[in-house]
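What follows is the content of entry-v5.csv, which has CSV, C-alpha atoms:
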```csv
chain,number,residue,atom,x,y,z
O,1,MET,CA,36.1,-34.3,-12.9
O,2,HIS,CA,35.0,-31.0,-14.5
O,3,ASP,CA,32.5,-32.6,-16.8
O,4,THR,CA,29.8,-31.6,-14.3
O,5,LEU,CA,30.5,-28.0,-15.2
O,6,PHE,CA,29.7,-28.7,-18.8
O,7,GLN,CA,26.3,-30.2,-18.5
O,8,PRO,CA,23.5,-28.0,-19.9
O,9,LEU,CA,21.0,-26.4,-17.6
O,10,THR,CA,17.4,-25.4,-18.2
O,11,MET,CA,16.2,-22.3,-16.3
O,12,GLY,CA,12.6,-21.6,-17.4
O,13,ALA,CA,12.9,-20.7,-21.1
O,14,LEU,CA,16.7,-20.2,-20.9
O,15,GLU,CA,18.9,-23.1,-22.0
O,16,ALA,CA,22.5,-22.6,-20.7
O,17,LYS,CA,25.1,-24.7,-22.5
O,18,ASN,CA,27.2,-25.1,-19.3
O,19,ARG,CA,27.3,-24.3,-15.6
O,20,VAL,CA,30.1,-21.7,-15.8
O,21,PHE,CA,28.2,-18.5,-15.6
O,22,MET,CA,29.6,-14.9,-15.8
O,23,ALA,CA,28.6,-12.9,-12.8
O,24,PRO,CA,27.6,-9.2,-13.2
O,25,LEU,CA,30.7,-7.0,-13.2
O,26,THR,CA,30.6,-3.2,-13.2
O,27,ARG,CA,33.3,-2.0,-15.6
O,28,GLY,CA,32.5,1.7,-16.2
O,29,ARG,CA,33.1,1.7,-20.0
O,30,SER,CA,29.9,3.3,-21.4
O,31,THR,CA,30.0,6.4,-23.5
O,32,GLN,CA,29.4,9.7,-21.8
O,33,PRO,CA,27.3,11.7,-21.7
O,34,GLY,CA,24.3,9.4,-21.9
O,35,SER,CA,25.6,6.2,-20.4
O,36,VAL,CA,25.4,4.5,-23.8
O,37,PRO,CA,26.9,1.0,-24.5
O,38,ASN,CA,29.5,1.0,-27.2
O,39,GLU,CA,31.5,-1.1,-29.6
O,40,MET,CA,34.2,-1.8,-27.0
O,41,MET,CA,31.6,-3.2,-24.7
O,42,ALA,CA,30.3,-5.4,-27.5
O,43,THR,CA,33.9,-6.8,-28.0
O,44,TYR,CA,34.2,-7.4,-24.2
O,45,TYR,CA,31.0,-9.5,-24.0
O,46,ARG,CA,31.7,-11.3,-27.3
O,47,GLN,CA,35.0,-12.5,-25.9
O,48,ARG,CA,33.2,-14.0,-22.9
O,49,ALA,CA,30.3,-15.6,-24.8
O,50,SER,CA,31.4,-19.2,-24.0
O,51,ALA,CA,29.9,-18.7,-20.5
O,52,GLY,CA,26.8,-20.8,-20.0
O,53,LEU,CA,25.0,-17.5,-19.2
O,54,ILE,CA,26.3,-13.9,-19.1
O,55,ILE,CA,24.7,-11.7,-16.5
O,56,SER,CA,25.4,-8.2,-17.7
O,57,GLU,CA,27.0,-5.5,-15.6
O,58,ALA,CA,24.5,-3.7,-13.4
O,59,THR,CA,22.5,-1.3,-15.6
O,60,GLY,CA,20.6,1.8,-14.5
O,61,ILE,CA,16.9,1.7,-15.0
O,62,SER,CA,16.6,5.5,-14.8
O,63,VAL,CA,18.7,8.6,-14.3
O,64,GLU,CA,17.5,8.6,-10.6
O,65,GLY,CA,18.8,5.0,-10.1
O,66,LEU,CA,22.3,5.3,-11.6
O,67,GLY,CA,25.1,6.7,-9.6
O,68,TRP,CA,28.2,5.1,-10.9
O,69,PRO,CA,30.6,6.9,-13.3
O,70,ALA,CA,30.3,5.6,-16.9
O,71,ALA,CA,28.1,2.6,-15.9
O,72,PRO,CA,25.5,2.0,-18.7
O,73,GLY,CA,21.7,2.6,-18.6
O,74,ILE,CA,18.7,1.2,-20.3
O,75,TRP,CA,16.1,4.0,-20.2
O,76,SER,CA,16.8,5.8,-23.5
O,77,GLU,CA,16.5,4.8,-27.2
O,78,GLU,CA,20.2,5.5,-27.7
O,79,GLN,CA,21.1,3.1,-24.9
O,80,VAL,CA,18.8,0.4,-26.5
O,81,GLU,CA,20.7,0.8,-29.8
O,82,GLY,CA,24.0,0.6,-28.0
O,83,TRP,CA,23.0,-2.6,-26.2
O,84,LYS,CA,21.9,-4.2,-29.5
O,85,GLN,CA,25.6,-4.2,-30.5
O,86,VAL,CA,26.3,-6.2,-27.4
O,87,THR,CA,23.5,-8.8,-27.7
O,88,ASP,CA,24.2,-9.3,-31.4
O,89,ALA,CA,27.9,-10.0,-30.6
O,90,VAL,CA,27.0,-12.5,-27.9
O,91,HIS,CA,24.4,-14.3,-30.0
O,92,GLU,CA,26.8,-14.5,-33.0
O,93,GLU,CA,29.1,-16.5,-30.8
O,94,GLY,CA,26.3,-18.8,-29.6
O,95,GLY,CA,26.0,-17.1,-26.1
O,96,LEU,CA,23.2,-16.3,-23.8
O,97,ILE,CA,22.9,-12.9,-22.1
O,98,VAL,CA,20.5,-11.3,-19.6
O,99,LEU,CA,20.4,-7.7,-18.5
O,100,GLN,CA,20.8,-6.9,-14.8
O,101,LEU,CA,18.4,-4.1,-13.8
O,102,TRP,CA,19.8,-1.7,-11.2
O,103,HIS,CA,18.5,1.1,-9.0
O,104,MET,CA,21.1,2.2,-6.5
O,105,GLY,CA,18.7,4.0,-4.1
O,106,ARG,CA,20.6,5.8,-1.4
O,107,LEU,CA,23.9,5.0,-3.0
O,108,VAL,CA,23.4,7.6,-5.7
O,109,HIS,CA,25.2,10.8,-4.8
O,110,PRO,CA,23.3,14.1,-5.4
O,111,LEU,CA,25.9,15.0,-7.9
O,112,PHE,CA,24.2,12.6,-10.3
O,113,LEU,CA,20.8,14.1,-9.6
O,114,GLY,CA,21.4,17.8,-10.1
O,115,GLY,CA,21.9,18.3,-6.4
O,116,LYS,CA,18.7,16.5,-5.3
O,117,PRO,CA,18.8,13.8,-2.6
O,118,PRO,CA,18.6,10.2,-3.7
O,119,VAL,CA,15.5,8.0,-2.8
O,120,SER,CA,15.5,5.0,-0.6
O,121,ALA,CA,13.1,2.9,1.6
O,122,SER,CA,13.8,5.4,4.5
O,123,ALA,CA,15.6,8.6,5.2
O,124,THR,CA,19.0,7.0,5.9
O,125,THR,CA,22.6,7.7,4.9
O,126,ALA,CA,25.1,5.1,3.6
O,127,PRO,CA,28.5,5.0,5.2
O,128,GLY,CA,31.7,5.6,3.3
O,129,HIS,CA,32.1,7.3,-0.1
O,130,ALA,CA,30.4,7.4,-3.4
O,131,HIS,CA,32.4,7.2,-6.7
O,132,THR,CA,31.5,10.3,-8.7
O,133,PHE,CA,32.8,12.1,-11.8
O,134,GLU,CA,34.4,14.5,-9.4
O,135,GLY,CA,36.1,11.8,-7.3
O,136,ARG,CA,35.1,10.2,-4.0
O,137,LYS,CA,32.4,12.1,-2.0
O,138,ASP,CA,30.6,11.3,1.2
O,139,TYR,CA,27.2,9.8,0.8
O,140,GLU,CA,24.3,12.1,1.7
O,141,GLN,CA,21.0,11.4,3.3
O,142,ALA,CA,18.3,9.9,1.1
O,143,ARG,CA,14.7,10.9,1.3
O,144,GLU,CA,12.0,8.3,2.1
O,145,ALA,CA,10.2,7.1,-1.0
O,146,SER,CA,6.5,8.0,-1.0
O,147,THR,CA,3.9,5.5,-2.2
O,148,GLU,CA,3.7,7.5,-5.4
O,149,ASP,CA,7.5,7.3,-5.7
O,150,ILE,CA,7.3,3.5,-5.3
O,151,LYS,CA,4.7,3.2,-8.1
O,152,ARG,CA,6.8,5.4,-10.4
O,153,ILE,CA,9.9,3.4,-9.7
O,154,VAL,CA,8.1,0.1,-10.4
O,155,GLU,CA,7.1,1.6,-13.7
O,156,ASP,CA,10.7,2.6,-14.4
O,157,TYR,CA,11.6,-1.1,-13.9
O,158,ARG,CA,8.8,-2.1,-16.3
O,159,HIS,CA,10.1,0.4,-18.9
O,160,ALA,CA,13.6,-0.8,-18.5
O,161,ALA,CA,12.5,-4.4,-19.0
O,162,GLU,CA,10.7,-3.4,-22.2
O,163,ASN,CA,13.8,-1.7,-23.4
O,164,ALA,CA,15.9,-4.8,-22.6
O,165,LYS,CA,13.6,-6.8,-24.8
O,166,LYS,CA,13.9,-4.3,-27.6
O,167,ALA,CA,17.7,-4.5,-27.2
O,168,GLY,CA,17.7,-8.2,-27.8
O,169,PHE,CA,18.5,-9.7,-24.4
O,170,ASP,CA,17.4,-13.2,-23.6
O,171,GLY,CA,15.9,-12.1,-20.3
O,172,VAL,CA,16.5,-9.9,-17.2
O,173,GLN,CA,17.9,-10.2,-13.7
O,174,LEU,CA,16.7,-7.9,-10.9
O,175,HIS,CA,19.6,-6.7,-8.8
O,176,GLY,CA,18.3,-7.2,-5.3
O,177,ALA,CA,21.7,-7.5,-3.7
O,178,ASN,CA,24.7,-5.5,-2.2
O,179,GLY,CA,22.8,-2.8,-0.4
O,180,TYR,CA,21.1,-1.2,-3.4
O,181,LEU,CA,17.4,-0.1,-3.5
O,182,VAL,CA,15.7,-3.5,-3.4
O,183,ASP,CA,18.1,-4.6,-0.6
O,184,GLN,CA,17.4,-1.3,1.2
O,185,PHE,CA,13.7,-2.3,1.3
O,186,LEU,CA,14.4,-5.9,2.3
O,187,ARG,CA,16.7,-5.3,5.3
O,188,ASP,CA,15.5,-3.8,8.6
O,189,SER,CA,18.5,-1.6,9.2
O,190,THR,CA,17.6,0.5,6.1
O,191,ASN,CA,13.8,0.0,6.0
O,192,LEU,CA,12.4,1.9,8.9
O,193,ARG,CA,8.9,2.3,7.4
O,194,THR,CA,5.7,1.9,9.3
O,195,ASP,CA,3.4,1.5,6.2
O,196,GLU,CA,2.7,-1.6,4.1
O,197,TYR,CA,6.2,-1.6,2.8
O,198,GLY,CA,7.9,-1.8,6.3
O,199,GLY,CA,7.8,-3.7,9.5
O,200,SER,CA,7.3,-7.4,9.0
O,201,PRO,CA,9.5,-9.4,6.6
O,202,GLU,CA,6.5,-9.9,4.5
O,203,ASN,CA,5.9,-6.2,4.2
O,204,ARG,CA,9.6,-5.5,3.5
O,205,THR,CA,9.4,-8.0,0.6
O,206,ARG,CA,6.4,-6.1,-1.0
O,207,PHE,CA,8.6,-3.8,-3.1
O,208,LEU,CA,10.5,-6.9,-4.4
O,209,ARG,CA,7.2,-8.6,-5.3
O,210,GLU,CA,5.9,-5.5,-7.1
O,211,VAL,CA,9.0,-5.0,-9.2
O,212,LEU,CA,9.2,-8.7,-10.1
O,213,THR,CA,5.6,-8.7,-11.1
O,214,ALA,CA,6.3,-5.8,-13.5
O,215,LEU,CA,9.3,-7.6,-15.0
O,216,ILE,CA,7.2,-10.8,-15.4
O,217,ASP,CA,4.4,-8.9,-17.1
O,218,VAL,CA,7.0,-7.9,-19.8
O,219,TRP,CA,9.1,-11.1,-20.0
O,220,GLY,CA,7.2,-14.0,-18.5
O,221,ALA,CA,8.5,-15.6,-15.3
O,222,ASN,CA,10.6,-18.1,-17.3
O,223,ARG,CA,13.0,-15.3,-18.5
O,224,VAL,CA,13.3,-13.4,-15.2
O,225,GLY,CA,16.0,-13.9,-12.5
O,226,VAL,CA,17.0,-12.2,-9.2
O,227,ARG,CA,20.2,-11.6,-7.4
O,228,LEU,CA,20.3,-11.5,-3.6
O,229,SER,CA,23.1,-11.2,-1.1
O,230,PRO,CA,21.7,-13.0,2.0
O,231,ASN,CA,25.0,-12.5,3.9
O,232,GLY,CA,25.9,-9.9,6.5
O,233,GLU,CA,26.3,-6.1,6.3
O,234,THR,CA,26.8,-4.8,2.8
O,235,GLN,CA,27.5,-1.1,2.0
O,236,GLY,CA,25.9,-0.3,5.4
O,237,CYS,CA,22.8,-2.4,4.7
O,238,ASP,CA,22.2,-5.1,7.3
O,239,ASP,CA,19.4,-7.2,8.9
O,240,SER,CA,18.8,-8.4,12.4
O,241,ASN,CA,17.5,-11.8,11.2
O,242,PRO,CA,18.7,-12.6,7.7
O,243,ALA,CA,17.3,-16.2,7.8
O,244,VAL,CA,13.8,-14.9,8.3
O,245,THR,CA,14.1,-11.9,5.9
O,246,PHE,CA,15.7,-13.8,3.0
O,247,GLY,CA,13.5,-16.8,3.6
O,248,ALA,CA,10.5,-14.5,3.1
O,249,ALA,CA,12.2,-13.1,-0.1
O,250,ALA,CA,12.8,-16.6,-1.4
O,251,LYS,CA,9.1,-17.4,-0.8
O,252,VAL,CA,8.1,-14.5,-2.9
O,253,ILE,CA,10.5,-15.5,-5.7
O,254,GLU,CA,9.1,-19.1,-5.5
O,255,GLU,CA,5.5,-18.0,-5.6
O,256,LEU,CA,6.1,-15.9,-8.7
O,257,GLY,CA,7.8,-18.8,-10.5
O,258,VAL,CA,11.0,-16.8,-11.2
O,259,ALA,CA,13.4,-18.8,-13.5
O,260,PHE,CA,16.7,-18.4,-11.6
O,261,LEU,CA,18.0,-17.0,-8.4
O,262,GLU,CA,21.7,-16.0,-7.9
O,263,LEU,CA,23.1,-15.7,-4.4
O,264,ARG,CA,26.2,-13.7,-3.6
O,265,GLU,CA,27.9,-15.5,-0.7
O,266,PRO,CA,31.5,-14.2,-0.4
O,267,GLY,CA,34.4,-16.0,0.9
O,268,PRO,CA,37.2,-14.6,3.2
O,269,ASP,CA,38.5,-12.4,0.5
O,270,GLY,CA,35.2,-11.4,-1.0
O,271,THR,CA,33.6,-7.9,-1.1
O,272,PHE,CA,30.0,-6.8,-0.3
O,273,GLY,CA,29.5,-9.1,2.6
O,274,SER,CA,30.5,-10.6,5.9
O,275,THR,CA,31.6,-14.2,6.4
O,276,GLU,CA,30.6,-14.0,10.0
O,277,VAL,CA,26.9,-14.6,9.1
O,278,PRO,CA,25.9,-18.2,8.3
O,279,LYS,CA,25.2,-18.8,4.6
O,280,GLN,CA,21.5,-18.8,3.9
O,281,SER,CA,21.7,-20.8,0.7
O,282,PRO,CA,20.7,-24.1,2.4
O,283,LEU,CA,17.6,-22.5,3.8
O,284,ILE,CA,16.8,-20.8,0.5
O,285,ARG,CA,17.3,-24.1,-1.4
O,286,GLN,CA,14.5,-25.5,0.7
O,287,VAL,CA,12.1,-22.7,-0.1
O,288,TYR,CA,13.0,-22.0,-3.8
O,289,SER,CA,12.6,-24.8,-6.3
O,290,GLY,CA,14.0,-23.1,-9.4
O,291,ALA,CA,17.5,-22.9,-10.7
O,292,LEU,CA,20.0,-21.7,-8.0
O,293,ILE,CA,23.3,-20.1,-8.9
O,294,LEU,CA,25.9,-19.4,-6.2
O,295,ASN,CA,28.6,-16.8,-6.6
O,296,SER,CA,31.9,-15.7,-5.1
O,297,ASP,CA,35.4,-17.0,-4.6
O,298,TYR,CA,34.7,-20.5,-6.1
O,299,SER,CA,37.4,-22.8,-7.4
O,300,PRO,CA,36.2,-25.2,-10.2
O,301,GLU,CA,36.7,-28.1,-7.8
O,302,GLN,CA,34.4,-26.4,-5.2
O,303,ALA,CA,31.8,-25.7,-7.9
O,304,VAL,CA,31.8,-29.3,-9.0
O,305,SER,CA,31.4,-30.5,-5.4
O,306,ASP,CA,28.5,-28.1,-4.7
O,307,ILE,CA,26.7,-29.0,-8.0
O,308,GLU,CA,27.1,-32.7,-7.5
O,309,ALA,CA,25.9,-32.4,-3.8
O,310,GLY,CA,22.8,-30.6,-5.0
O,311,ARG,CA,23.7,-27.4,-3.2
O,312,THR,CA,23.5,-25.4,-6.4
O,313,ASP,CA,22.8,-25.8,-10.1
O,314,ALA,CA,25.5,-23.5,-11.4
O,315,VAL,CA,28.2,-21.2,-10.2
O,316,SER,CA,28.9,-17.6,-11.5
O,317,TRP,CA,32.4,-16.3,-11.6
O,318,GLY,CA,33.3,-12.6,-11.6
O,319,ARG,CA,36.9,-11.5,-11.3
O,320,ASP,CA,38.2,-14.6,-13.0
O,321,PHE,CA,36.2,-13.7,-16.1
O,322,ILE,CA,37.8,-10.3,-16.2
O,323,SER,CA,41.3,-11.7,-17.0
O,324,ASN,CA,40.2,-15.0,-18.6
O,325,PRO,CA,37.7,-14.3,-21.4
O,326,ASP,CA,37.7,-18.1,-22.2
O,327,LEU,CA,37.3,-19.2,-18.6
O,328,PRO,CA,35.1,-22.3,-19.4
O,329,ARG,CA,37.8,-23.6,-21.8
O,330,ARG,CA,40.5,-23.1,-19.1
O,331,PHE,CA,38.4,-25.1,-16.6
O,332,ARG,CA,37.7,-27.8,-19.1
O,333,PHE,CA,41.4,-28.4,-19.8
O,334,GLY,CA,42.8,-27.6,-16.3
O,335,ALA,CA,44.7,-24.7,-17.7
O,336,GLU,CA,46.2,-21.9,-15.6
O,337,ILE,CA,43.9,-19.1,-14.6
O,338,ALA,CA,45.4,-15.8,-15.5
O,339,PRO,CA,45.6,-13.3,-12.6
O,340,ASN,CA,44.1,-9.9,-12.7
O,341,VAL,CA,46.7,-7.2,-13.4
O,342,ASN,CA,46.7,-3.5,-12.8
O,343,VAL,CA,43.7,-3.7,-10.5
O,344,PRO,CA,41.5,-2.2,-9.3
O,345,HIS,CA,42.2,0.7,-11.6
O,346,SER,CA,41.6,-1.4,-14.7
O,347,TRP,CA,38.3,-2.8,-13.4
O,348,TYR,CA,36.8,0.7,-13.8
O,349,GLY,CA,39.1,2.5,-16.1
O,350,GLN,CA,37.9,4.1,-19.3
O,351,GLY,CA,40.0,2.4,-22.0
O,352,PRO,CA,40.6,-1.0,-23.4
O,353,GLU,CA,43.5,-1.8,-21.1
O,354,GLY,CA,42.6,-4.4,-18.6
O,355,TYR,CA,39.2,-4.8,-20.4
O,356,ILE,CA,39.5,-6.3,-23.8
O,357,ASP,CA,43.2,-7.0,-24.0
O,358,TYR,CA,43.4,-10.3,-22.0
O,359,PRO,CA,44.5,-13.2,-24.3
O,360,THR,CA,42.7,-16.5,-24.6
O,361,LEU,CA,44.5,-19.8,-24.3
O,362,THR,CA,44.6,-20.1,-28.1
O,363,GLU,CA,46.2,-16.6,-28.4
O,364,GLN,CA,48.7,-17.4,-25.6
O,365,GLU,CA,50.0,-20.6,-27.1
O,366,PRO,CA,51.5,-19.0,-30.3
O,367,ALA,CA,53.0,-16.2,-28.2
O,368,ALA,CA,54.7,-18.6,-25.9
O,369,ALA,CA,56.2,-20.5,-28.9
O,370,GLU,CA,57.8,-17.3,-30.3
```
Show me the file's structure as structure tokens.
Amino acid sequence: MHDTLFQPLTMGALEAKNRVFMAPLTRGRSTQPGSVPNEMMATYYRQRASAGLIISEATGISVEGLGWPAAPGIWSEEQVEGWKQVTDAVHEEGGLIVLQLWHMGRLVHPLFLGGKPPVSASATTAPGHAHTFEGRKDYEQAREASTEDIKRIVEDYRHAAENAKKAGFDGVQLHGANGYLVDQFLRDSTNLRTDEYGGSPENRTRFLREVLTALIDVWGANRVGVRLSPNGETQGCDDSNPAVTFGAAAKVIEELGVAFLELREPGPDGTFGSTEVPKQSPLIRQVYSGALILNSDYSPEQAVSDIEAGRTDAVSWGRDFISNPDLPRRFRFGAEIAPNVNVPHSWYGQGPEGYIDYPTLTEQEPAAAE
């Protein structure tokens, strides 16, 4: 039954060996100061290289855009060299990996910015608390991006894409989901602008179009992907008509010929989204003709059903890949899926515990025989 998950998939210039993709997972293990990827991260990704495609953890395109303790960046030469360890490790195991490019917008706390306010589509404040090196802090009001800010940020994305190429990635994914900067421009609760970047859904997708165009200039559309979360409210970011807004976003992505689109559509126990809003994937499937990847709370049986029904081309798994580095093998043989332990601390902890110490099936079998 699970043979469906092990068919190859062509996405532009990317050739995935199976349909079991690894979703982007923030893990907070980069070396500080400098947000530099390291050998431990290379081990983590090497262990999971049997995924059809690894989408890296969200990676800051600039100091301004990164507001998560110990998350990695891609703006410096030192970071590029650190990421080379990761891409080499994945490629040595026959894997495929793209870098997820991240600007957090209003979700960057001023503590990361020397006390300056973060930048967003409009002068709004996110609800809840930011994770900082000093513990949890209330979010503070962002400043509205000027048109010059927007041009500069687009160039930051371009520079990050160039660095991703230098670091040996197979492509890039634009993080346009979960209430971060691109999402803040897309949705009308956070985009209150009255210029060409605000108002109509077409205007609110302008920033998305400009960033994607910059990434395509560097990589070609056949190695660029996008992640969207066309569900309900996420980190205080919401929209009054998600079908229209995300339909317009999908139209942009289709017109630019982007290779793959990943949609975050959480189930009852998922994070970053409401299950009260109808899923937008059927609508987006009608608009976007490239490879579609659905994410969140899937069983392998549900994934097979959705792929065979044509609702999606692949499924990305997040939490299950944390505790099951060989997740595709477990799906193939119907083996037990190991639960996450010591969470959520181990998701974002600094050391190897709960990161690179989960055994594979092959490693479990001798241990069980002893």
Exercise. Enter the distance from atom CA of Arg264 of chain O to atom CA of Ala291 of chain O, in Å, rounded to one decimal.
Key: 14.5 Å
Quiz item: segment 69-76 of chain O: which residues within 6 Å, counting all atoms listed in the file, same-chain residues fewer than 4 positions away excluded, as a list in words?
Solution: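 Final neighbour list, sorted by chain and number: Gly28, Arg29, Ser30, Ser35, Val36, Thr59, Gly60, Ile61, Ser62, Thr132, Phe133 and Ala160 of chain O.
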Exercise. Could you tell me which of O:Asp239, O:Glu144, O:Glu162, O:Asp138 comes closest to Asp183 of chain O if we count all atoms listed in the file?
Key: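 Closest to Asp183 of chain O of all the choices is O:Asp239.
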With only C-alpha atoms as the counted atoms, please give the residues lying no more than 7 Å from Ala145 of chain O, apart from itself and same-chain residues fewer than 2 positions off, as an mmCIF file with C-alpha atoms, keeping the file's coordinate frame.
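Saved the output as around04.cif:
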```
data_model
loop_
_atom_site.group_PDB
_atom_site.id
_atom_site.type_symbol
_atom_site.label_atom_id
_atom_site.label_comp_id
_atom_site.auth_asym_id
_atom_site.auth_seq_id
_atom_site.Cartn_x
_atom_site.Cartn_y
_atom_site.Cartn_z
ATOM 1 C CA VAL O 119 15.500 8.000 -2.800
ATOM 2 C CA SER O 120 15.500 5.000 -0.600
ATOM 3 C CA ALA O 121 13.100 2.900 1.600
ATOM 4 C CA SER O 122 13.800 5.400 4.500
ATOM 5 C CA ARG O 143 14.700 10.900 1.300
ATOM 6 C CA THR O 147 3.900 5.500 -2.200
ATOM 7 C CA ASP O 149 7.500 7.300 -5.700
ATOM 8 C CA ILE O 150 7.300 3.500 -5.300
#
```
Quiz item: atom CA of Lys17 of chain O and atom CA of Gly94 of chain O, how far apart in Å?
Solution: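 These two atoms are separated by 9.3 Å.
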Quiz item: Nearest to Ala259 of chain O among O:Glu202, O:Glu15, O:Glu93, O:Glu140, with distances taken over all atoms listed in the file: which residue is it?
Solution: O:Glu15
Quiz item: If you measure from atom CA of Leu215 of chain O to atom CA of Gln7 of chain O, what distance in Å do you get, rounded to one decimal?
Solution: 28.5 Å
Exercise. Find the residue from O:Lys137, O:His109, O:Arg19, O:His2 that sits nearest to Ala314 of chain O; use only C-alpha atoms when measuring.
Key: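 Residue with the minimum atom-to-atom distance to Ala314 of chain O: O:Arg19.
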Exercise. Identify, on the basis of all atoms listed in the file, every residue whose closest approach to segment 345-349 of chain O does not exceed 12 Å; exclude the query and any residue fewer than 6 positions from it along the same chain; express the result as a list in words.
Key: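 Contacts, with the query itself left out: Leu25, Thr26, Arg27, Gly28, Arg29, Ser30, Glu57, Trp68, Pro69, Ala70, Ala71, His131, Gly318, Arg319, Asp320, Phe321, Ile322, Ser323, Tyr355, Ile356, Asp357 and Tyr358 of chain O.
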Quiz prompt | Residue nearest Trp102 of chain O - candidates O:Ser50, O:Asn38, O:Thr205, O:Asn178, atoms counted: only C-alpha atoms | solution = O:Asn178
I'd like the contact shell of Leu66 of chain O - 7 Å cut-off, only C-alpha atoms, skipping same-chain residues fewer than 5 positions apart - returned as a PDB file with C-alpha atoms, keeping the file's coordinate frame.
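File written: selection03.pdb
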```pdb
ATOM      1  CA  GLY O  60      20.600   1.800 -14.500  1.00  0.00           C
ATOM      2  CA  HIS O 103      18.500   1.100  -9.000  1.00  0.00           C
ATOM      3  CA  MET O 104      21.100   2.200  -6.500  1.00  0.00           C
ATOM      4  CA  VAL O 108      23.400   7.600  -5.700  1.00  0.00           C
TER       5      VAL O 108
END
```
Practice problem: Measuring atom to atom with all atoms listed in the file, identify which of O:Asp297, O:Glu134, O:Asp156, O:Asp238 is nearest to Glu265 of chain O. | Solution: O:Asp297
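Nearest residue to Ala16 of chain O, choosing from O:Ala249, O:Ile54, O:Leu294, O:Ala126 and counting all atoms listed in the file: O:Ile54.
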Quick one: which segment 189-217 of chain O residues come within 10 Å of segment 224-227 of chain O, and what is the nearest atom pair for each with the distance in Å to one decimal, counting all atoms listed in the file, rows ordered by chain and ascending number, as CSV?
```
residue,atom,partner,partner_atom,distance
O:Leu208,CA,O:Val226,CA,9.7
O:Leu212,CA,O:Val224,CA,8.1
O:Thr213,CA,O:Val224,CA,9.9
O:Leu215,CA,O:Val224,CA,7.0
O:Ile216,CA,O:Val224,CA,6.6
```
At a cut-off of 12 Å, using only C-alpha atoms, what residues contact Arg330 of chain O? Leave out same-chain residues fewer than 3 positions from it and give the result as a PDB file with C-alpha atoms, in the coordinates of the input.
```
ATOM      1  CA  HIS O   2      35.000 -31.000 -14.500  1.00  0.00           C
ATOM      2  CA  LEU O   5      30.500 -28.000 -15.200  1.00  0.00           C
ATOM      3  CA  VAL O  20      30.100 -21.700 -15.800  1.00  0.00           C
ATOM      4  CA  SER O  50      31.400 -19.200 -24.000  1.00  0.00           C
ATOM      5  CA  ALA O  51      29.900 -18.700 -20.500  1.00  0.00           C
ATOM      6  CA  PRO O 300      36.200 -25.200 -10.200  1.00  0.00           C
ATOM      7  CA  ASP O 320      38.200 -14.600 -13.000  1.00  0.00           C
ATOM      8  CA  PHE O 321      36.200 -13.700 -16.100  1.00  0.00           C
ATOM      9  CA  SER O 323      41.300 -11.700 -17.000  1.00  0.00           C
ATOM     10  CA  ASN O 324      40.200 -15.000 -18.600  1.00  0.00           C
ATOM     11  CA  PRO O 325      37.700 -14.300 -21.400  1.00  0.00           C
ATOM     12  CA  ASP O 326      37.700 -18.100 -22.200  1.00  0.00           C
ATOM     13  CA  LEU O 327      37.300 -19.200 -18.600  1.00  0.00           C
ATOM     14  CA  PHE O 333      41.400 -28.400 -19.800  1.00  0.00           C
ATOM     15  CA  GLY O 334      42.800 -27.600 -16.300  1.00  0.00           C
ATOM     16  CA  ALA O 335      44.700 -24.700 -17.700  1.00  0.00           C
ATOM     17  CA  GLU O 336      46.200 -21.900 -15.600  1.00  0.00           C
ATOM     18  CA  ILE O 337      43.900 -19.100 -14.600  1.00  0.00           C
ATOM     19  CA  ALA O 338      45.400 -15.800 -15.500  1.00  0.00           C
ATOM     20  CA  PRO O 359      44.500 -13.200 -24.300  1.00  0.00           C
ATOM     21  CA  THR O 360      42.700 -16.500 -24.600  1.00  0.00           C
ATOM     22  CA  LEU O 361      44.500 -19.800 -24.300  1.00  0.00           C
ATOM     23  CA  THR O 362      44.600 -20.100 -28.100  1.00  0.00           C
ATOM     24  CA  GLN O 364      48.700 -17.400 -25.600  1.00  0.00           C
TER      25      GLN O 364
END
```
